[in-house]
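Engineer: My structure is in work-v2.tsv, and what it holds is TSV, C-alpha atoms and all ligand atoms:
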chain	number	residue	atom	x	y	z
A	1	ARG	CA	71.13	-27.96	-104.09
A	2	ALA	CA	68.87	-25.06	-103.27
A	3	LEU	CA	69.20	-23.44	-99.87
A	4	PRO	CA	66.21	-23.68	-97.53
A	5	ARG	CA	64.08	-20.61	-97.75
A	6	VAL	CA	63.24	-18.42	-94.78
A	7	LEU	CA	61.00	-15.41	-94.35
A	8	SER	CA	60.93	-12.85	-91.53
A	9	GLY	CA	59.45	-9.42	-91.02
A	10	ILE	CA	59.79	-6.48	-88.68
A	11	GLN	CA	57.35	-3.62	-88.12
A	12	PRO	CA	58.33	-0.04	-88.94
A	13	THR	CA	56.53	1.31	-85.91
A	14	ALA	CA	59.41	3.08	-84.12
A	15	ASP	CA	62.24	5.46	-84.99
A	16	SER	CA	64.78	2.95	-83.71
A	17	PHE	CA	65.02	-0.76	-83.09
A	18	HIS	CA	65.50	-1.62	-79.44
A	19	LEU	CA	68.04	-4.02	-77.99
A	20	GLY	CA	65.46	-6.83	-77.85
A	21	ASN	CA	64.73	-6.48	-81.57
A	22	TYR	CA	68.45	-6.55	-82.28
A	23	LEU	CA	69.39	-9.57	-80.17
A	24	GLY	CA	66.13	-11.45	-80.70
A	25	ALA	CA	65.68	-10.87	-84.43
A	26	VAL	CA	67.97	-8.60	-86.44
A	27	ARG	CA	71.23	-10.26	-85.49
A	28	ASN	CA	69.87	-13.70	-86.34
A	29	TRP	CA	68.71	-12.43	-89.71
A	30	VAL	CA	72.24	-11.32	-90.47
A	31	ALA	CA	73.66	-14.66	-89.35
A	32	MET	CA	71.21	-16.60	-91.53
A	33	GLN	CA	71.88	-14.78	-94.81
A	34	ASP	CA	74.34	-17.24	-96.30
A	35	ASP	CA	72.83	-20.50	-95.11
A	36	TYR	CA	69.36	-19.63	-96.31
A	37	ASP	CA	67.59	-18.19	-99.28
A	38	ALA	CA	66.41	-15.40	-97.04
A	39	TYR	CA	63.55	-12.93	-97.55
A	40	TYR	CA	63.44	-10.11	-95.02
A	41	MET	CA	60.78	-7.47	-95.09
A	42	VAL	CA	59.76	-4.32	-93.34
A	43	VAL	CA	56.07	-5.01	-92.80
A	44	ASP	CA	54.51	-1.65	-93.51
A	45	LEU	CA	51.13	-3.24	-94.34
A	46	HIS	CA	50.99	-4.50	-90.77
A	47	ALA	CA	51.91	-1.06	-89.44
A	48	ILE	CA	48.60	0.47	-90.63
A	49	THR	CA	46.38	-1.86	-88.62
A	50	VAL	CA	46.40	0.89	-86.02
A	51	GLU	CA	46.06	4.61	-86.70
A	52	HIS	CA	49.32	6.02	-88.02
A	53	ASP	CA	50.98	9.11	-89.39
A	54	PRO	CA	51.92	8.72	-93.10
A	55	GLN	CA	55.15	10.74	-92.85
A	56	ALA	CA	56.27	8.84	-89.79
A	57	LEU	CA	55.53	5.53	-91.51
A	58	ARG	CA	57.56	6.45	-94.60
A	59	ARG	CA	60.46	7.61	-92.41
A	60	ARG	CA	60.33	4.55	-90.19
A	61	THR	CA	60.25	2.15	-93.12
A	62	ARG	CA	63.50	3.69	-94.38
A	63	VAL	CA	65.00	3.84	-90.87
A	64	SER	CA	64.19	0.16	-90.35
A	65	ALA	CA	65.74	-0.84	-93.66
A	66	ALA	CA	68.80	1.33	-92.97
A	67	GLN	CA	69.30	-0.32	-89.58
A	68	LEU	CA	69.03	-3.78	-91.14
A	69	LEU	CA	71.73	-2.84	-93.63
A	70	ALA	CA	73.87	-1.25	-90.91
A	71	ALA	CA	73.54	-4.46	-88.88
A	72	GLY	CA	75.02	-6.41	-91.77
A	73	LEU	CA	72.30	-7.47	-94.22
A	74	GLU	CA	73.67	-7.31	-97.74
A	75	PRO	CA	71.42	-7.06	-100.81
A	76	GLN	CA	73.50	-9.67	-102.68
A	77	ARG	CA	73.02	-12.20	-99.88
A	78	CYS	CA	69.30	-11.79	-99.14
A	79	ALA	CA	66.18	-10.02	-100.36
A	80	LEU	CA	65.41	-6.93	-98.29
A	81	PHE	CA	62.19	-5.15	-99.17
A	82	ALA	CA	59.13	-3.26	-97.98
A	83	GLN	CA	56.01	-5.42	-97.84
A	84	SER	CA	53.80	-2.86	-99.64
A	85	HIS	CA	56.16	-2.95	-102.64
A	86	VAL	CA	55.11	-6.53	-103.26
A	87	PRO	CA	51.38	-6.33	-104.03
A	88	GLU	CA	51.01	-10.11	-103.88
A	89	HIS	CA	50.91	-9.91	-100.06
A	90	ALA	CA	47.61	-8.04	-100.07
A	91	GLN	CA	46.29	-10.08	-102.99
A	92	LEU	CA	46.94	-13.45	-101.39
A	93	ALA	CA	45.66	-12.18	-98.03
A	94	TRP	CA	42.23	-11.62	-99.63
A	95	VAL	CA	42.12	-15.15	-101.00
A	96	MET	CA	43.18	-16.61	-97.66
A	97	SER	CA	40.67	-14.51	-95.74
A	98	CYS	CA	37.92	-16.06	-97.86
A	99	LEU	CA	39.17	-19.45	-96.71
A	100	THR	CA	39.21	-18.52	-93.02
A	101	GLY	CA	36.22	-19.10	-90.79
A	102	PHE	CA	35.01	-16.07	-88.86
A	103	GLY	CA	35.05	-18.16	-85.70
A	104	GLU	CA	38.52	-19.38	-86.49
A	105	ALA	CA	39.80	-15.80	-86.86
A	106	SER	CA	37.98	-14.82	-83.68
A	107	ARG	CA	40.00	-17.33	-81.71
A	108	MET	CA	43.28	-15.47	-82.34
A	109	THR	CA	44.25	-14.30	-78.89
A	110	GLN	CA	46.47	-11.44	-80.06
A	111	PHE	CA	43.46	-9.53	-81.36
A	112	LYS	CA	41.84	-9.84	-77.97
A	113	ASP	CA	44.99	-8.49	-76.31
A	114	LYS	CA	45.62	-5.73	-78.81
A	115	SER	CA	42.02	-4.51	-78.98
A	116	ALA	CA	41.48	-4.62	-75.22
A	117	LYS	CA	42.78	-1.10	-74.66
A	118	HIS	CA	40.25	0.76	-76.81
A	119	GLY	CA	37.61	-1.94	-77.10
A	120	VAL	CA	36.82	-4.33	-79.93
A	121	GLY	CA	34.43	-1.84	-81.54
A	122	ALA	CA	37.18	0.74	-81.95
A	123	ALA	CA	39.69	-1.69	-83.48
A	124	SER	CA	40.06	-1.88	-87.27
A	125	VAL	CA	38.98	-4.90	-89.27
A	126	GLY	CA	42.61	-4.97	-90.43
A	127	LEU	CA	43.77	-5.55	-86.88
A	128	PHE	CA	41.30	-8.42	-86.67
A	129	THR	CA	42.43	-10.03	-89.92
A	130	TYR	CA	46.14	-9.28	-89.64
A	131	PRO	CA	47.00	-12.92	-88.80
A	132	ILE	CA	45.63	-13.78	-92.26
A	133	LEU	CA	48.01	-11.27	-93.81
A	134	MET	CA	50.77	-13.03	-91.90
A	135	VAL	CA	49.59	-16.31	-93.36
A	136	ALA	CA	49.88	-14.83	-96.85
A	137	ASP	CA	53.34	-13.40	-96.03
A	138	VAL	CA	54.65	-16.84	-95.22
A	139	LEU	CA	52.89	-18.90	-97.89
A	140	LEU	CA	53.88	-16.63	-100.78
A	141	TYR	CA	57.52	-17.65	-100.32
A	142	GLN	CA	56.92	-21.38	-99.90
A	143	ALA	CA	59.16	-21.24	-96.84
A	144	GLY	CA	59.87	-24.63	-95.29
A	145	PHE	CA	60.05	-23.19	-91.83
A	146	VAL	CA	59.36	-19.91	-90.10
A	147	PRO	CA	61.30	-18.75	-87.08
A	148	VAL	CA	58.80	-17.22	-84.64
A	149	GLY	CA	58.56	-16.41	-80.96
A	150	GLU	CA	56.23	-18.28	-78.63
A	151	ASP	CA	53.66	-15.45	-78.98
A	152	GLN	CA	53.32	-16.19	-82.71
A	153	ARG	CA	52.76	-19.92	-82.39
A	154	GLN	CA	49.01	-19.59	-82.85
A	155	HIS	CA	49.48	-17.65	-86.08
A	156	LEU	CA	51.82	-20.28	-87.42
A	157	GLU	CA	49.21	-22.94	-86.64
A	158	LEU	CA	46.67	-20.91	-88.62
A	159	THR	CA	49.18	-20.75	-91.48
A	160	ARG	CA	49.52	-24.51	-91.50
A	161	ASP	CA	45.75	-25.05	-91.29
A	162	LEU	CA	44.97	-22.68	-94.14
A	163	ALA	CA	47.77	-24.01	-96.34
A	164	GLN	CA	46.48	-27.55	-95.87
A	165	ARG	CA	42.89	-26.45	-96.44
A	166	PHE	CA	43.78	-24.74	-99.71
A	167	ASN	CA	45.91	-27.65	-100.89
A	168	THR	CA	43.13	-30.14	-100.14
A	169	ARG	CA	40.33	-28.10	-101.63
A	170	TYR	CA	41.95	-26.71	-104.78
A	171	GLY	CA	45.16	-28.67	-105.33
A	172	LYS	CA	48.61	-28.20	-103.93
A	173	ALA	CA	49.82	-24.62	-104.18
A	174	PHE	CA	51.61	-24.22	-100.85
A	175	THR	CA	54.45	-25.66	-98.83
A	176	VAL	CA	53.12	-26.30	-95.32
A	177	PRO	CA	55.73	-24.65	-93.08
A	178	GLU	CA	57.17	-26.31	-90.00
A	179	PRO	CA	57.06	-24.27	-86.83
A	180	TYR	CA	60.45	-23.26	-85.56
A	181	ILE	CA	59.80	-21.73	-82.18
A	182	ILE	CA	62.62	-19.55	-80.95
A	183	LYS	CA	63.20	-20.20	-77.30
A	184	ASP	CA	62.76	-17.45	-74.78
A	185	THR	CA	66.42	-17.70	-73.78
A	186	ALA	CA	67.12	-14.84	-76.18
A	187	LYS	CA	64.51	-12.65	-74.52
A	188	ILE	CA	65.79	-9.28	-73.34
A	189	MET	CA	63.97	-7.84	-70.37
A	190	ASP	CA	62.92	-4.30	-69.48
A	191	LEU	CA	65.74	-2.55	-67.57
A	192	GLN	CA	63.32	-1.01	-65.08
A	193	ASP	CA	60.99	-4.00	-64.82
A	194	PRO	CA	63.14	-7.07	-65.48
A	195	THR	CA	60.25	-9.50	-65.16
A	196	SER	CA	58.63	-8.24	-68.38
A	197	LYS	CA	60.20	-8.13	-71.79
A	198	MET	CA	61.72	-5.04	-73.31
A	199	SER	CA	59.04	-3.81	-75.68
A	200	LYS	CA	58.38	-0.67	-77.63
A	201	SER	CA	54.72	-0.67	-76.71
A	202	ALA	CA	55.00	-1.63	-73.05
A	203	SER	CA	58.38	-0.45	-71.73
A	204	SER	CA	58.89	2.89	-70.02
A	205	PRO	CA	61.60	5.11	-71.61
A	206	GLY	CA	64.06	4.06	-68.90
A	207	GLY	CA	63.40	0.38	-69.51
A	208	ILE	CA	64.21	0.25	-73.19
A	209	LEU	CA	67.55	0.68	-75.00
A	210	GLU	CA	67.04	2.19	-78.42
A	211	LEU	CA	69.94	1.47	-80.75
A	212	LEU	CA	69.90	4.90	-82.38
A	213	ASP	CA	69.64	6.83	-79.14
A	214	ASP	CA	72.52	8.96	-77.87
A	215	PRO	CA	75.08	6.48	-76.42
A	216	LYS	CA	75.27	8.63	-73.30
A	217	VAL	CA	71.53	8.22	-72.73
A	218	ASN	CA	71.83	4.46	-73.10
A	219	ALA	CA	74.83	4.30	-70.77
A	220	LYS	CA	72.80	6.16	-68.19
A	221	LYS	CA	69.87	3.76	-68.57
A	222	ILE	CA	72.15	0.78	-67.97
A	223	LYS	CA	73.61	2.42	-64.89
A	224	SER	CA	70.07	3.01	-63.57
A	225	ALA	CA	68.88	-0.52	-64.36
A	226	VAL	CA	66.92	-2.18	-61.56
A	227	THR	CA	68.86	-4.95	-59.80
A	228	ASP	CA	68.32	-6.21	-56.23
A	229	THR	CA	69.53	-5.61	-52.71
A	230	GLU	CA	72.15	-8.37	-52.70
A	231	ARG	CA	75.67	-7.75	-53.92
A	232	GLU	CA	76.48	-10.99	-55.66
A	233	ILE	CA	76.76	-11.09	-59.47
A	234	ARG	CA	75.17	-14.40	-60.28
A	235	PHE	CA	72.87	-15.61	-63.06
A	236	ASP	CA	69.62	-16.42	-61.29
A	237	GLU	CA	66.63	-15.45	-63.40
A	238	GLU	CA	64.08	-16.23	-60.75
A	239	ASN	CA	65.57	-14.42	-57.78
A	240	LYS	CA	67.82	-11.91	-59.55
A	241	PRO	CA	66.09	-11.08	-62.85
A	242	GLY	CA	67.75	-7.65	-63.19
A	243	VAL	CA	71.30	-8.95	-62.81
A	244	ALA	CA	70.49	-11.98	-65.00
A	245	ASN	CA	69.27	-9.64	-67.74
A	246	LEU	CA	72.46	-7.56	-67.59
A	247	LEU	CA	74.58	-10.71	-67.77
A	248	ARG	CA	72.57	-12.02	-70.68
A	249	ILE	CA	72.99	-8.78	-72.62
A	250	TYR	CA	76.68	-8.70	-71.77
A	251	ALA	CA	77.24	-12.26	-72.97
A	252	ALA	CA	75.19	-11.67	-76.13
A	253	LEU	CA	77.17	-8.58	-77.16
A	254	GLY	CA	80.62	-9.55	-75.94
A	255	GLU	CA	82.95	-12.49	-76.15
A	256	ARG	CA	82.55	-13.94	-72.66
A	257	THR	CA	79.94	-16.52	-71.69
A	258	ILE	CA	77.67	-16.04	-68.67
A	259	PRO	CA	79.69	-18.44	-66.45
A	260	GLU	CA	82.89	-16.64	-67.46
A	261	LEU	CA	81.33	-13.31	-66.58
A	262	GLU	CA	80.20	-14.66	-63.21
A	263	ARG	CA	83.81	-15.60	-62.54
A	264	ASP	CA	85.19	-12.26	-63.80
A	265	TYR	CA	82.91	-10.33	-61.49
A	266	GLU	CA	83.41	-12.39	-58.37
A	267	GLY	CA	83.87	-9.97	-55.51
A	268	LYS	CA	82.99	-6.97	-57.68
A	269	GLY	CA	79.89	-4.79	-57.43
A	270	TYR	CA	76.87	-4.09	-59.63
A	271	GLY	CA	78.39	-0.70	-60.44
A	272	ASP	CA	81.43	-2.37	-62.07
A	273	LEU	CA	79.24	-4.68	-64.12
A	274	LYS	CA	77.01	-1.82	-65.26
A	275	LYS	CA	79.89	0.44	-66.18
A	276	ASP	CA	81.58	-2.24	-68.30
A	277	LEU	CA	78.30	-3.19	-69.95
A	278	ALA	CA	77.56	0.46	-70.72
A	279	ASP	CA	80.98	0.73	-72.41
A	280	LEU	CA	80.32	-2.42	-74.42
A	281	VAL	CA	76.90	-1.14	-75.52
A	282	THR	CA	78.46	2.17	-76.60
A	283	GLU	CA	81.28	0.41	-78.46
A	284	THR	CA	78.78	-1.79	-80.25
A	285	PHE	CA	76.14	0.74	-81.18
A	286	GLN	CA	78.11	3.93	-81.79
A	287	PRO	CA	79.42	2.57	-85.14
A	288	PHE	CA	75.99	1.05	-85.84
A	289	LYS	CA	74.36	4.44	-85.37
A	290	GLU	CA	76.91	6.11	-87.62
A	291	ARG	CA	76.45	3.52	-90.36
A	292	THR	CA	72.68	3.87	-90.15
A	293	GLU	CA	72.94	7.65	-90.50
A	294	GLU	CA	75.26	7.31	-93.50
A	295	ILE	CA	72.82	4.97	-95.20
A	296	LEU	CA	69.89	7.28	-94.46
A	297	ALA	CA	71.79	10.23	-95.93
A	298	ASP	CA	71.54	8.66	-99.39
A	299	THR	CA	67.81	8.04	-99.73
A	300	GLY	CA	68.12	7.41	-103.46
A	301	LYS	CA	70.48	4.53	-102.93
A	302	LEU	CA	68.44	3.11	-100.05
A	303	ASP	CA	65.24	3.23	-102.11
A	304	ALA	CA	67.05	1.50	-104.97
A	305	ILE	CA	68.13	-1.31	-102.64
A	306	LEU	CA	64.53	-1.75	-101.50
A	307	ALA	CA	63.28	-1.69	-105.10
A	308	GLU	CA	65.78	-4.37	-106.04
A	309	GLY	CA	64.72	-6.45	-103.02
A	310	ALA	CA	61.06	-6.12	-103.99
A	311	GLU	CA	61.87	-7.31	-107.50
A	312	LYS	CA	63.61	-10.38	-106.10
A	313	ALA	CA	60.69	-11.07	-103.77
A	314	ARG	CA	58.16	-10.67	-106.58
A	315	GLU	CA	59.89	-13.33	-108.65
A	316	VAL	CA	58.84	-15.85	-106.02
A	317	ALA	CA	55.63	-14.22	-104.80
A	318	SER	CA	54.11	-13.71	-108.25
A	319	ARG	CA	54.71	-17.34	-109.13
A	320	THR	CA	52.83	-18.50	-106.04
A	321	LEU	CA	49.98	-16.07	-106.62
A	322	ALA	CA	49.63	-17.09	-110.28
A	323	GLU	CA	49.34	-20.72	-109.18
A	324	VAL	CA	46.74	-19.82	-106.56
A	325	TYR	CA	44.67	-17.68	-108.97
A	326	ASP	CA	44.72	-20.45	-111.51
A	327	LYS	CA	43.62	-23.08	-109.00
A	328	ILE	CA	40.70	-21.04	-107.67
A	329	GLY	CA	39.39	-20.24	-111.14
A	330	PHE	CA	40.62	-16.69	-111.87
B	401	LIG	P1	57.97	-5.08	-79.70
B	401	LIG	O1	57.65	-6.29	-78.84
B	401	LIG	O2	58.93	-4.16	-79.05
B	401	LIG	O3	56.74	-4.41	-80.23
B	401	LIG	P2	58.12	-6.45	-82.19
B	401	LIG	O4	56.94	-7.24	-81.77
B	401	LIG	O5	57.98	-5.51	-83.36
B	401	LIG	O6	58.74	-5.66	-80.94
B	401	LIG	O7	59.27	-7.48	-82.49
B	401	LIG	C1	60.11	-7.50	-83.60
B	401	LIG	C2	61.08	-8.66	-83.43
B	401	LIG	O8	61.91	-8.44	-82.29
B	401	LIG	C3	60.40	-10.01	-83.19
B	401	LIG	O9	61.13	-10.99	-83.90
B	401	LIG	C4	60.53	-10.23	-81.70
B	401	LIG	O10	60.60	-11.60	-81.37
B	401	LIG	C5	61.83	-9.53	-81.37
B	401	LIG	N1	61.78	-9.01	-80.01
B	401	LIG	C6	60.99	-8.00	-79.58
B	401	LIG	N2	61.20	-7.74	-78.27
B	401	LIG	C7	62.15	-8.61	-77.85
B	401	LIG	C8	62.81	-8.85	-76.59
B	401	LIG	N3	62.54	-8.13	-75.51
B	401	LIG	N4	63.74	-9.82	-76.54
B	401	LIG	C9	64.05	-10.56	-77.64
B	401	LIG	N5	63.47	-10.39	-78.83
B	401	LIG	C10	62.53	-9.43	-78.96
B	402	NA	NA	71.07	-16.03	-98.94
Show this structure as structure tokens.
Ligand code: ADP
Ligand code: NA

Structural biologist:
Amino acid sequence: RALPRVLSGIQPTADSFHLGNYLGAVRNWVAMQDDYDAYYMVVDLHAITVEHDPQALRRRTRVSAAQLLAAGLEPQRCALFAQSHVPEHAQLAWVMSCLTGFGEASRMTQFKDKSAKHGVGAASVGLFTYPILMVADVLLYQAGFVPVGEDQRQHLELTRDLAQRFNTRYGKAFTVPEPYIIKDTAKIMDLQDPTSKMSKSASSPGGILELLDDPKVNAKKIKSAVTDTEREIRFDEENKPGVANLLRIYAALGERTIPELERDYEGKGYGDLKKDLADLVTETFQPFKERTEEILADTGKLDAILAEGAEKAREVASRTLAEVYDKIGF
């Protein structure tokens, strides 16, 4: 029996993943490799919706792939590739954009958020239509379900609508994916502002733990994390979001559950908790950083892994696109 297929992507828009990316996405990808026919991509096409530096993009695509391998993805157990190496993404996106109403695309709230800073007039058309590229990303692989965060729910609805529209109008070419909304319980918060999520675009340098940063820098950031004026180490997201965040990170990286940690730290201070967590973060990410650097040192090998992943992806993607082209009269 064939394994269920899953597709996920991550943007190469930073020189390191942050702890939220790792705990909210990367680690799950690794865990899913054997139970799914998994397609994981570094979405470089999405990274050019805003102005970018070509050299930085090329470097970050490799750094992203290297980190995914260092985290435990293995080319024999999944397909790991760069989105631009599979031309079917852009090709299907054009077809799907011709099926999307302008009003329908205009209702995507992320464009409103993302274009607010510089104004709609300054945003690229690519930023406006990027949800349609996401639609193509998913539909190419005929994935039965797509794991997404709450913020992507609207895009998944668009995916379902467009898949159904195509299937009705031209004949069935697509699996209509089920939404699989990942709960916010895995959300890692900003260390300096624990009521908003750790984010590469919104967090201050002190609020974000970058996996490839110097372990000493990260230890210092944990020790400076914002907590509260009480002393009690207790998981209370509403009243003690800083401490709750530290406990959540601790439980996610270590072997103790949150209630166990609460018991362990009874009568101890925030300083003790922070010091132990800083040690755990160093222990976890020092070897990760070394592995990533080793992988990056052999660019030829890394590029070969991505080429092999793209070939695997194209076996599926080209079949879907051929079906679509045939049905629409190409
Ligand atoms: P950012 O929000 O920093 O720009 P992305 O949007 O590129 O990060 O997210 C890449 C992946 O990492 C997504 O699957 C997203 O759900 C996950 N992710 C990002 N930030 C967090 C966070 N603070 N906590 C948990 N998961 C996160
Ligand atoms: Na697999």

Engineer: Report as a list in words which protein, DNA and RNA residues come within 7 Å of ligand NA 402 (chain B), using all atoms listed in the file.

Structural biologist: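 Those residues are Gln33, Asp34, Asp35, Tyr36, Asp37, Ala38, Arg77 and Cys78 of chain A.
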
Engineer: Which residues are near ligand LIG 401 (chain B) in this structure, taking near to mean any atom at most 10 Å from a ligand atom and counting only C-alpha atoms and all ligand atoms? Format them as a PDB file with C-alpha atoms, in the coordinates of the input.

Structural biologist:
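File result.pdb, as written:
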ATOM      1  CA  SER A   8      60.930 -12.850 -91.530  1.00  0.00           C
ATOM      2  CA  GLY A   9      59.450  -9.420 -91.020  1.00  0.00           C
ATOM      3  CA  ILE A  10      59.790  -6.480 -88.680  1.00  0.00           C
ATOM      4  CA  GLN A  11      57.350  -3.620 -88.120  1.00  0.00           C
ATOM      5  CA  PRO A  12      58.330  -0.040 -88.940  1.00  0.00           C
ATOM      6  CA  THR A  13      56.530   1.310 -85.910  1.00  0.00           C
ATOM      7  CA  ALA A  14      59.410   3.080 -84.120  1.00  0.00           C
ATOM      8  CA  PHE A  17      65.020  -0.760 -83.090  1.00  0.00           C
ATOM      9  CA  HIS A  18      65.500  -1.620 -79.440  1.00  0.00           C
ATOM     10  CA  LEU A  19      68.040  -4.020 -77.990  1.00  0.00           C
ATOM     11  CA  GLY A  20      65.460  -6.830 -77.850  1.00  0.00           C
ATOM     12  CA  ASN A  21      64.730  -6.480 -81.570  1.00  0.00           C
ATOM     13  CA  TYR A  22      68.450  -6.550 -82.280  1.00  0.00           C
ATOM     14  CA  LEU A  23      69.390  -9.570 -80.170  1.00  0.00           C
ATOM     15  CA  GLY A  24      66.130 -11.450 -80.700  1.00  0.00           C
ATOM     16  CA  ALA A  25      65.680 -10.870 -84.430  1.00  0.00           C
ATOM     17  CA  VAL A  26      67.970  -8.600 -86.440  1.00  0.00           C
ATOM     18  CA  ASN A  28      69.870 -13.700 -86.340  1.00  0.00           C
ATOM     19  CA  TRP A  29      68.710 -12.430 -89.710  1.00  0.00           C
ATOM     20  CA  VAL A  43      56.070  -5.010 -92.800  1.00  0.00           C
ATOM     21  CA  ALA A  47      51.910  -1.060 -89.440  1.00  0.00           C
ATOM     22  CA  PRO A 147      61.300 -18.750 -87.080  1.00  0.00           C
ATOM     23  CA  VAL A 148      58.800 -17.220 -84.640  1.00  0.00           C
ATOM     24  CA  GLY A 149      58.560 -16.410 -80.960  1.00  0.00           C
ATOM     25  CA  GLU A 150      56.230 -18.280 -78.630  1.00  0.00           C
ATOM     26  CA  ASP A 151      53.660 -15.450 -78.980  1.00  0.00           C
ATOM     27  CA  GLN A 152      53.320 -16.190 -82.710  1.00  0.00           C
ATOM     28  CA  ILE A 182      62.620 -19.550 -80.950  1.00  0.00           C
ATOM     29  CA  LYS A 183      63.200 -20.200 -77.300  1.00  0.00           C
ATOM     30  CA  ASP A 184      62.760 -17.450 -74.780  1.00  0.00           C
ATOM     31  CA  THR A 185      66.420 -17.700 -73.780  1.00  0.00           C
ATOM     32  CA  ALA A 186      67.120 -14.840 -76.180  1.00  0.00           C
ATOM     33  CA  LYS A 187      64.510 -12.650 -74.520  1.00  0.00           C
ATOM     34  CA  ILE A 188      65.790  -9.280 -73.340  1.00  0.00           C
ATOM     35  CA  MET A 189      63.970  -7.840 -70.370  1.00  0.00           C
ATOM     36  CA  ASP A 190      62.920  -4.300 -69.480  1.00  0.00           C
ATOM     37  CA  SER A 196      58.630  -8.240 -68.380  1.00  0.00           C
ATOM     38  CA  LYS A 197      60.200  -8.130 -71.790  1.00  0.00           C
ATOM     39  CA  MET A 198      61.720  -5.040 -73.310  1.00  0.00           C
ATOM     40  CA  SER A 199      59.040  -3.810 -75.680  1.00  0.00           C
ATOM     41  CA  LYS A 200      58.380  -0.670 -77.630  1.00  0.00           C
ATOM     42  CA  SER A 201      54.720  -0.670 -76.710  1.00  0.00           C
ATOM     43  CA  ALA A 202      55.000  -1.630 -73.050  1.00  0.00           C
ATOM     44  CA  SER A 203      58.380  -0.450 -71.730  1.00  0.00           C
ATOM     45  CA  ILE A 208      64.210   0.250 -73.190  1.00  0.00           C
TER      46      ILE A 208
END

Engineer: Kindly indicate which residue among A:Met108, A:Val138, A:Ile305, A:Ala313 lies nearest to Ala65 (chain A), using only C-alpha atoms for the distances.

Structural biologist: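 Residue with the minimum atom-to-atom distance to Ala65 (chain A): A:Ile305.
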
Engineer: Which residue out of A:Ile181, A:Leu296, A:Val135, A:Leu321 has the minimum interatomic distance to Val86 (chain A) when all atoms listed in the file are used?

Structural biologist: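 Looking only at the distances to Val86 (chain A), the closest residue turns out to be A:Leu321.
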
Engineer: In terms of the shortest atom-to-atom distance over all atoms listed in the file, which of A:Ile132, A:Leu80, A:Ile249, A:Leu57 is closest to Ala163 (chain A)?

Structural biologist: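 Under the stated criterion, the closest residue is A:Ile132.
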
Engineer: Hey, what's within 9 Å of region 192-194 of chain A if we count only C-alpha atoms and toss same-chain stuff fewer than 3 positions away? As a PyMOL selection string, please?

Structural biologist: chain A and resi 188-189+197-198+203-204+206-208+221+224-227+240-245

Engineer: Report the distance between CA of Met41 (chain A) and CA of Gln83 (chain A) in Å, rounded to one decimal place.

Structural biologist: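 Computing it gives 5.9 Å between the two atoms.
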
Engineer: Using only C-alpha atoms, pick whichever of A:Ala322, A:Phe166, A:Glu104, A:Lys301 has the shortest atom-to-atom distance to Leu69 (chain A).

Structural biologist: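 Counting only C-alpha atoms, the residue closest to Leu69 (chain A) is A:Lys301.
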
Engineer: Interatomic distance between CA of Pro179 (chain A) and CA of Ala79 (chain A)?

Structural biologist: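 Computed distance, CA of Pro179 (chain A) to CA of Ala79 (chain A), equals 21.7 Å.
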
Engineer: One decimal, Å: what's the distance from CA of Lys275 (chain A) over to CA of Ile233 (chain A), could you say?

Structural biologist: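 Taking CA of Lys275 (chain A) and CA of Ile233 (chain A), their separation equals 13.7 Å.
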
Engineer: For a quick check of understanding, using all atoms listed in the file, which of A:Val30, A:Met134, A:Ala304, A:Leu280 has the smallest distance to Gln67 (chain A)?

Structural biologist: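 Going through A:Val30, A:Met134, A:Ala304, A:Leu280 one by one, the smallest distance to Gln67 (chain A) is for A:Val30.
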